[in-house]
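Everything below belongs to data.cif, which stores mmCIF, C-alpha atoms.
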```cif
data_run
#
loop_
_atom_site.label_atom_id
_atom_site.label_comp_id
_atom_site.auth_asym_id
_atom_site.auth_seq_id
_atom_site.Cartn_x
_atom_site.Cartn_y
_atom_site.Cartn_z
CA GLY A 104 -8.60 7.95 1.68
CA LEU A 105 -9.84 9.68 -1.46
CA LYS A 106 -9.05 6.68 -3.64
CA LYS A 107 -10.83 4.26 -1.32
CA ALA A 108 -13.81 6.59 -1.08
CA PHE A 109 -14.02 6.68 -4.88
CA GLU A 110 -13.72 2.89 -5.11
CA SER A 111 -16.43 2.53 -2.47
CA VAL A 112 -18.87 4.69 -4.42
CA PHE A 113 -18.00 3.24 -7.81
CA GLY A 114 -17.87 -0.42 -6.87
CA THR A 115 -15.90 -2.02 -4.08
CA VAL A 116 -12.74 -1.21 -2.14
CA THR A 117 -9.93 -3.27 -3.67
CA CYS A 118 -7.62 -3.22 -0.65
CA LEU A 119 -8.38 -3.48 3.05
CA PRO A 120 -5.14 -2.31 4.74
CA GLY A 121 -3.90 -4.90 7.18
CA CYS A 122 -3.49 -2.56 10.17
CA PHE A 123 -6.76 -0.70 9.54
CA THR A 124 -9.10 -3.66 9.10
CA MET A 125 -11.09 -5.96 11.35
CA TYR A 126 -12.32 -9.24 9.86
CA ARG A 127 -15.39 -11.18 10.90
CA LEU A 128 -14.52 -14.88 10.90
CA PHE A 129 -18.14 -16.00 10.75
CA ASP A 130 -21.36 -14.45 9.49
CA ALA A 131 -24.11 -15.16 12.00
CA ARG A 132 -26.96 -13.56 10.05
CA ASP A 133 -28.74 -16.92 9.69
CA ALA A 134 -28.32 -17.92 13.34
CA SER A 135 -31.93 -17.01 14.12
CA ALA A 136 -33.11 -19.46 11.47
CA SER A 137 -31.28 -22.34 13.17
CA GLN A 138 -28.76 -22.50 10.36
CA PRO A 139 -25.01 -22.81 10.87
CA PRO A 140 -23.06 -19.56 10.53
CA VAL A 141 -21.40 -18.85 7.22
CA THR A 142 -17.61 -18.91 7.42
CA LEU A 143 -16.16 -15.80 5.79
CA PHE A 144 -12.47 -15.37 6.51
CA ALA A 145 -12.14 -18.83 8.05
CA CYS A 146 -13.46 -20.77 5.05
CA ASP A 147 -11.21 -23.31 3.32
CA TYR A 148 -11.30 -21.48 -0.01
CA VAL A 149 -9.82 -18.29 1.44
CA TYR A 150 -7.48 -19.92 3.95
CA ASP A 151 -5.95 -22.51 1.62
CA ARG A 152 -5.18 -19.95 -1.07
CA TYR A 153 -3.93 -17.30 1.33
CA ALA A 154 -1.70 -19.67 3.34
CA ARG A 155 0.37 -20.76 0.35
CA ASN A 156 3.98 -21.58 1.21
CA ASP A 157 7.08 -20.51 -0.68
CA ALA A 158 7.36 -23.84 -2.49
CA VAL A 159 4.05 -23.22 -4.27
CA ILE A 160 4.69 -19.54 -5.05
CA GLU A 161 6.94 -19.81 -8.09
CA THR A 162 6.07 -17.13 -10.64
CA LEU A 163 7.06 -13.48 -10.43
CA HIS A 164 3.39 -12.53 -10.55
CA ASP A 165 2.43 -14.73 -7.58
CA LYS A 166 5.40 -13.59 -5.51
CA ASN A 167 4.34 -9.97 -5.88
CA LEU A 168 0.80 -10.93 -4.92
CA TYR A 169 1.51 -13.00 -1.82
CA LYS A 170 4.86 -11.75 -0.52
CA LEU A 171 4.42 -8.00 -0.97
CA GLY A 172 0.67 -7.36 -1.20
CA GLU A 173 -0.70 -9.83 1.32
CA ASP A 174 -3.48 -7.50 2.49
CA ARG A 175 -4.56 -6.81 -1.10
CA MET A 176 -4.56 -10.51 -1.92
CA LEU A 177 -6.65 -11.33 1.12
CA THR A 178 -9.17 -8.69 0.07
CA THR A 179 -9.23 -10.12 -3.45
CA LEU A 180 -9.90 -13.64 -2.16
CA LEU A 181 -12.83 -12.40 -0.06
CA ILE A 182 -14.30 -10.61 -3.07
CA GLN A 183 -13.67 -13.62 -5.31
CA LYS A 184 -15.28 -16.12 -2.92
CA TRP A 185 -18.19 -14.15 -1.46
CA ASN A 186 -18.62 -11.37 -4.04
CA MET A 187 -18.49 -8.89 -1.16
CA ASN A 188 -19.33 -5.24 -1.64
CA LEU A 189 -16.65 -3.62 0.52
CA LYS A 190 -17.28 -0.04 1.61
CA TYR A 191 -15.10 2.79 2.87
CA VAL A 192 -16.00 4.12 6.35
CA PRO A 193 -15.07 7.83 6.55
CA GLU A 194 -16.04 8.02 10.24
CA ALA A 195 -13.19 5.70 11.23
CA HIS A 196 -10.06 7.41 12.56
CA CYS A 197 -6.68 5.75 12.06
CA TYR A 198 -3.19 6.96 12.82
CA THR A 199 -0.01 6.06 11.02
CA ILE A 200 3.74 6.48 11.21
CA VAL A 201 5.10 7.70 7.89
CA PRO A 202 8.61 6.93 6.60
CA ASP A 203 11.14 9.37 8.03
CA GLU A 204 14.02 8.34 5.77
CA PHE A 205 14.22 8.32 1.99
CA MET A 206 15.45 4.72 1.82
CA VAL A 207 12.49 3.59 3.91
CA LEU A 208 10.14 5.48 1.59
CA LEU A 209 11.87 3.89 -1.40
CA SER A 210 11.39 0.41 0.04
CA GLN A 211 7.78 1.08 0.96
CA ARG A 212 6.77 2.42 -2.44
CA ARG A 213 8.59 -0.40 -4.23
CA ARG A 214 6.43 -2.92 -2.37
CA TRP A 215 3.24 -0.92 -2.78
CA ILE A 216 3.61 -0.08 -6.47
CA ASN A 217 4.64 -3.58 -7.57
CA SER A 218 2.08 -5.42 -5.45
CA THR A 219 -0.71 -3.02 -6.43
CA PHE A 220 -0.01 -3.38 -10.15
CA HIS A 221 0.03 -7.18 -10.00
CA ASN A 222 -3.09 -7.22 -7.83
CA MET A 223 -4.97 -5.00 -10.30
CA LEU A 224 -3.89 -7.36 -13.07
CA TYR A 225 -5.29 -10.28 -11.08
CA LEU A 226 -8.54 -8.43 -10.33
CA LEU A 227 -9.31 -8.27 -14.04
CA SER A 228 -10.26 -11.95 -13.78
CA VAL A 229 -12.59 -11.36 -10.81
CA ASN A 230 -16.24 -10.39 -11.10
CA LEU A 231 -16.45 -6.84 -9.75
CA GLY A 232 -19.80 -5.86 -11.22
CA GLY A 233 -20.67 -2.99 -13.53
CA ILE A 234 -20.95 -2.72 -17.31
CA CYS A 235 -18.24 -1.62 -19.73
CA CYS A 236 -17.04 1.89 -18.84
CA PHE A 237 -19.27 1.89 -15.77
CA SER A 238 -17.43 -0.90 -14.02
CA MET A 239 -14.62 -1.29 -11.53
CA LYS A 240 -12.57 -3.20 -14.12
CA PHE A 241 -12.55 -0.16 -16.37
CA ILE A 242 -11.19 1.92 -13.48
CA LEU A 243 -8.53 -0.72 -12.84
CA VAL A 244 -7.41 -0.62 -16.48
CA LEU A 245 -7.10 3.18 -16.34
CA ASP A 246 -5.19 2.92 -13.07
CA MET A 247 -2.79 0.35 -14.53
CA ILE A 248 -2.13 2.46 -17.61
CA GLY A 249 -1.62 5.53 -15.44
CA THR A 250 0.90 3.66 -13.28
CA LEU A 251 2.90 2.51 -16.30
CA ILE A 252 3.09 5.91 -17.98
CA LEU A 253 3.83 8.00 -14.89
CA PRO A 254 7.54 8.58 -15.69
CA SER A 255 6.93 9.35 -19.36
CA SER A 256 3.99 11.63 -18.51
CA LEU A 257 6.22 13.69 -16.24
CA LEU A 258 8.80 14.04 -19.02
CA TYR A 259 6.03 15.09 -21.42
CA LEU A 260 4.79 17.67 -18.92
CA GLY A 261 8.30 19.04 -18.56
CA MET A 262 8.60 19.33 -22.34
CA ILE A 263 5.29 21.21 -22.51
CA LEU A 264 6.35 23.67 -19.82
CA TYR A 265 9.72 24.20 -21.48
CA ASN A 266 8.14 24.87 -24.89
CA SER A 267 5.56 27.20 -23.39
CA ILE A 268 8.31 29.28 -21.79
CA MET A 269 10.64 29.32 -24.78
CA ASP A 270 8.00 29.56 -27.48
CA HIS A 271 4.48 30.67 -26.54
CA ASN A 272 3.02 29.55 -29.86
CA SER A 273 4.23 25.96 -29.60
CA VAL A 274 1.66 24.92 -26.96
CA SER A 275 -2.07 25.01 -27.59
CA THR A 276 -4.36 27.03 -25.37
CA TYR A 277 -6.36 23.88 -24.64
CA THR A 278 -3.30 22.15 -23.15
CA LEU A 279 -2.52 25.12 -20.95
CA LEU A 280 -6.15 25.24 -19.78
CA VAL A 281 -6.03 21.56 -18.78
CA LEU A 282 -2.81 22.08 -16.84
CA GLY A 283 -4.19 25.20 -15.19
CA PHE A 284 -7.37 23.38 -14.20
CA SER A 285 -5.38 20.54 -12.62
CA VAL A 286 -3.47 23.07 -10.50
CA PHE A 287 -6.68 24.89 -9.62
CA VAL A 288 -8.24 21.68 -8.31
CA GLN A 289 -5.28 21.28 -5.96
CA ILE A 290 -5.47 24.76 -4.47
CA ILE A 291 -9.24 25.28 -4.28
CA GLY A 292 -9.57 22.96 -1.27
CA PRO A 293 -7.18 24.87 1.02
CA LEU A 294 -8.71 28.18 -0.08
CA LEU A 295 -12.26 27.08 0.72
CA ARG A 296 -11.22 25.70 4.11
CA LEU A 297 -9.00 28.73 4.85
CA LYS A 298 -5.95 26.47 5.25
CA ILE A 299 -3.53 28.85 3.60
CA LYS A 300 -0.48 27.00 4.90
CA TYR A 301 -1.50 24.01 2.78
CA LEU A 302 -0.74 26.09 -0.30
CA TRP A 303 2.89 26.11 0.78
CA TYR A 304 2.76 22.34 1.21
CA ALA A 305 1.31 22.03 -2.29
CA PHE A 306 4.14 24.17 -3.70
CA VAL A 307 6.76 21.99 -2.01
CA PHE A 308 5.00 18.87 -3.29
CA TYR A 309 4.97 20.12 -6.89
CA LEU A 310 8.59 21.18 -6.64
CA ILE A 311 10.01 18.08 -4.92
CA GLY A 312 7.28 15.49 -4.50
CA VAL A 313 6.10 15.24 -8.11
CA PRO A 314 9.55 14.34 -9.54
CA VAL A 315 10.07 11.80 -6.75
CA PHE A 316 6.63 10.16 -6.75
CA TYR A 317 6.00 10.35 -10.50
CA PHE A 318 9.46 9.54 -11.83
CA VAL A 319 11.98 8.19 -9.30
CA LEU A 320 9.75 5.83 -7.32
CA PRO A 321 7.94 4.16 -10.29
CA LEU A 322 11.18 3.61 -12.19
CA TYR A 323 12.89 2.22 -9.11
CA SER A 324 9.93 -0.08 -8.40
CA PHE A 325 9.70 -1.50 -11.92
CA TRP A 326 13.48 -1.96 -12.08
CA ASN A 327 13.34 -3.98 -8.83
CA LEU A 328 10.30 -6.03 -9.75
CA ASP A 329 11.99 -9.19 -8.49
CA ASP A 330 12.90 -7.74 -5.09
CA PHE A 331 10.60 -9.15 -2.40
CA SER A 332 12.47 -7.97 0.69
CA TRP A 333 10.83 -5.98 3.48
CA GLY A 334 13.99 -4.66 5.10
CA THR A 335 13.68 -3.40 8.68
CA THR A 336 10.38 -1.61 8.20
CA ARG A 337 8.61 -3.58 10.95
CA VAL A 338 11.34 -3.26 13.57
CA THR A 339 10.94 -0.27 15.86
CA THR A 340 13.73 1.51 17.70
CA GLU A 341 12.54 0.01 20.97
CA ASN A 342 12.75 -3.49 19.54
CA ALA A 343 16.20 -2.90 18.05
CA ASN A 344 17.57 -1.57 21.34
CA THR A 345 16.09 -4.50 23.24
CA ASN A 346 17.72 -7.00 20.90
CA GLU A 347 21.08 -5.25 21.21
CA ALA A 348 20.89 -5.27 25.01
CA ILE A 349 19.95 -8.96 25.07
CA ALA A 350 22.78 -9.82 22.69
CA ALA A 351 25.27 -7.92 24.89
CA ASP A 352 24.07 -9.69 28.06
CA ALA A 353 24.31 -13.07 26.34
CA LEU A 354 27.87 -12.32 25.21
CA ASP A 355 28.91 -11.30 28.75
CA GLU A 356 27.41 -14.45 30.25
CA GLU A 357 29.06 -16.64 27.64
CA GLN A 358 32.45 -15.10 28.29
CA GLY A 359 32.00 -15.31 32.07
CA SER A 360 31.16 -19.02 32.09
CA GLY A 361 32.75 -21.62 29.87
CA GLY A 362 31.78 -24.98 28.37
CA ALA A 363 28.30 -26.29 28.98
CA ALA A 364 27.42 -23.50 31.39
CA GLY A 365 28.15 -20.96 28.70
CA THR A 366 25.91 -22.83 26.28
CA SER A 367 23.06 -22.95 28.81
CA SER A 368 23.21 -19.23 29.47
CA THR A 369 23.21 -18.54 25.76
CA ASP A 370 20.13 -20.72 25.27
CA ALA A 371 18.37 -18.98 28.15
CA SER A 372 19.20 -15.58 26.73
CA GLU A 373 17.84 -16.68 23.35
CA GLU A 374 14.54 -17.61 25.02
CA ASP A 375 14.40 -14.24 26.79
CA LYS A 376 15.19 -12.58 23.50
CA ALA A 377 12.31 -14.33 21.77
CA GLU A 378 9.90 -13.43 24.58
CA LYS A 379 10.91 -9.78 24.63
CA SER A 380 10.80 -9.60 20.86
CA ASP A 381 7.20 -10.85 20.93
CA GLU A 382 6.30 -8.19 23.47
CA ALA A 383 7.99 -5.36 21.56
CA SER A 384 5.81 -3.22 19.37
CA PHE A 385 5.96 -3.45 15.64
CA ALA A 386 5.01 -0.62 13.29
CA ASP A 387 4.74 -0.77 9.51
CA ASP A 388 6.44 2.09 7.72
CA GLY A 389 3.38 3.55 6.11
CA GLU A 390 0.36 1.87 7.56
CA SER A 391 -0.27 1.96 11.30
CA SER A 392 1.34 1.69 14.70
CA VAL A 393 -1.96 2.13 16.51
CA ALA A 394 -4.83 -0.26 15.91
CA GLY A 395 -7.39 1.73 13.99
CA GLU A 396 -11.11 1.26 13.82
CA PRO A 397 -12.49 -0.64 10.80
#
```
Represent the structure from my file as structure tokens, please.
Amino acid sequence: GLKKAFESVFGTVTCLPGCFTMYRLFDARDASASQPPVTLFACDYVYDRYARNDAVIETLHDKNLYKLGEDRMLTTLLIQKWNMNLKYVPEAHCYTIVPDEFMVLLSQRRRWINSTFHNMLYLLSVNLGGICCFSMKFILVLDMIGTLILPSSLLYLGMILYNSIMDHNSVSTYTLLVLGFSVFVQIIGPLLRLKIKYLWYAFVFYLIGVPVFYFVLPLYSFWNLDDFSWGTTRVTTENANTNEAIAADALDEEQGSGGAAGTSSTDASEEDKAEKSDEASFADDGESSVAGEP
């Protein structure tokens, strides 16, 4: 939320999350002037480039763009074609289901980090407006550098803290002031809003979350840059149980009737399985299980 709000003020939002976004297929602003509506999402330029098949997607860069960051790439195509100024809407309320297992979190962040980095690299060739340091491209370059140096920056921070404890004269006062200010920014919000319990959450995050999010996850993501799998992140427990029940019923029917009858019952159960699978709910592991407002 904070990142998208900053992007909205500074330039344009670079990613419209798939589950949190509603797209207008046509722009009817010129309908009163007896002019045909302008096709936005449904135009050939956006559709042809977004609907690329696996045979066309060959490079590692393109695979990260289209197979892992499909919502980011769709946003990029809209900006590239229509030069849209996309804004963040703070009044919208969306709900999400967060990963409840470490392996799910690992898979999610691998997709997000790799697709985001490649998308930012692609956005450098897109006109985002602004001049020099006062442009969205400058922010993207800083974000890319920050993503690459996250693991080494954490090691450097650990070295600074170790030296400051062992030898007080080895660390400059300026460095300690910068570190102290960064911690102060994190705790001033809960203090002003009287959310004292959030201070405990911040302590747990610094103790456990920082090593995981700043060191483990980036290294794992960059090491698996050629992994484009999604795993079982979009299969809910309800869907998994339904599939297991259908498979068990199909097996019983096949064993109970032989030959062609067994084949027919298996085919019927496969059709039922497909229908029930379509009706089952799907939830992404870090985006949304409830359709949010745009």
Distance query Leu168 of chain A at most 7 Å, only C-alpha atoms, self and fewer than 6 positions along chain excluded, as a CSV table (one decimal) with C-alpha atoms, in the coordinates of the input:
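Written output follows (out25.csv):
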```csv
chain,number,residue,atom,x,y,z
A,176,MET,CA,-4.6,-10.5,-1.9
A,218,SER,CA,2.1,-5.4,-5.4
A,221,HIS,CA,0.0,-7.2,-10.0
A,222,ASN,CA,-3.1,-7.2,-7.8
```
(message) Need the shell around Pro314 of chain A: protein/DNA/RNA residues with any atom at most 12 Å away, counting all atoms listed in the file. Skip same-chain ones fewer than 6 positions apart. Format as an NGL selection string?
(response) :A and (253-258 or 260-261 or 307-308 or 320-322)
(request) Using all atoms listed in the file, determine which residues lie at most 10 Å from Arg213 of chain A, disregarding the query and same-chain residues fewer than 3 positions distant; provide the list as a list in words. (result)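 With the cut-off at 10 Å, the set is Leu171, Val207, Leu208, Leu209, Ser210, Ile216, Asn217, Ser218, Thr219, Leu320, Pro321, Leu322, Tyr323, Ser324, Phe325, Trp326, Asn327, Leu328, Asp330, Phe331, Ser332 and Trp333 of chain A.
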(request) Enumerate, as a PyMOL selection string, the residues matched when the PyMOL selection byres ((chain A and resi 113-118) around 12) is run on the file above. (result) chain A and resi 104-112+119-124+172-183+186-192+215+218-220+222-227+229-234+236-243
(request) Quote the spacing between atom CA of His164 of chain A and atom CA of Asp329 of chain A in Å to one decimal place. (result)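 So the two atoms, atom CA of His164 of chain A and atom CA of Asp329 of chain A, lie 9.5 Å apart.
Between atom CA of Arg155 of chain A and atom CA of Lys170 of chain A lies a distance of 10.1 Å.
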(request) Provide the atom CA of Asp203 of chain A to atom CA of Gly292 of chain A distance in Å, to one decimal place. (result) 26.5 Å
Where's the centre, and what are the edge lengths in Å to one decimal, of a box along x, y and z enclosing all listed atoms of segment 314-323 of chain A padded 6 Å per side, as lines of an AutoDock Vina configuration file?
```
center_x = 9.4
center_y = 8.3
center_z = -9.5
size_x = 18.9
size_y = 24.1
size_z = 17.4
```
(message) Nearest residue to Leu251 of chain A out of A:Tyr317, A:Phe306, A:Tyr153, A:Tyr198, using all atoms listed in the file?
(response) A:Tyr317
(message) Expand the PyMOL selection byres ((chain A and resi 264) around 12) into the explicit residue set it covers here, and present it as number ranges by chain.
(response) A: 257-263, 265-271, 273-275, 278-279, 282-283
Output file for the selection above: C-alpha atoms, as a JSON list (two decimals), in the frame of the given file:
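Written file, part.json:
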```json
[["chain", "number", "residue", "atom", "x", "y", "z"],
["A", 257, "LEU", "CA", 6.22, 13.69, -16.24],
["A", 258, "LEU", "CA", 8.80, 14.04, -19.02],
["A", 259, "TYR", "CA", 6.03, 15.09, -21.42],
["A", 260, "LEU", "CA", 4.79, 17.67, -18.92],
["A", 261, "GLY", "CA", 8.30, 19.04, -18.56],
["A", 262, "MET", "CA", 8.60, 19.33, -22.34],
["A", 263, "ILE", "CA", 5.29, 21.21, -22.51],
["A", 265, "TYR", "CA", 9.72, 24.20, -21.48],
["A", 266, "ASN", "CA", 8.14, 24.87, -24.89],
["A", 267, "SER", "CA", 5.56, 27.20, -23.39],
["A", 268, "ILE", "CA", 8.31, 29.28, -21.79],
["A", 269, "MET", "CA", 10.64, 29.32, -24.78],
["A", 270, "ASP", "CA", 8.00, 29.56, -27.48],
["A", 271, "HIS", "CA", 4.48, 30.67, -26.54],
["A", 273, "SER", "CA", 4.23, 25.96, -29.60],
["A", 274, "VAL", "CA", 1.66, 24.92, -26.96],
["A", 275, "SER", "CA", -2.07, 25.01, -27.59],
["A", 278, "THR", "CA", -3.30, 22.15, -23.15],
["A", 279, "LEU", "CA", -2.52, 25.12, -20.95],
["A", 282, "LEU", "CA", -2.81, 22.08, -16.84],
["A", 283, "GLY", "CA", -4.19, 25.20, -15.19]]
```
(request) With a distance cut-off of 12 Å and all atoms listed in the file, select the neighbouring residues of Trp303 of chain A, excluding the residue or stretch itself and same-chain residues fewer than 3 positions from it, and output the selection as a PyMOL selection string. (result) chain A and resi 289-290+293-294+298-300+306-310
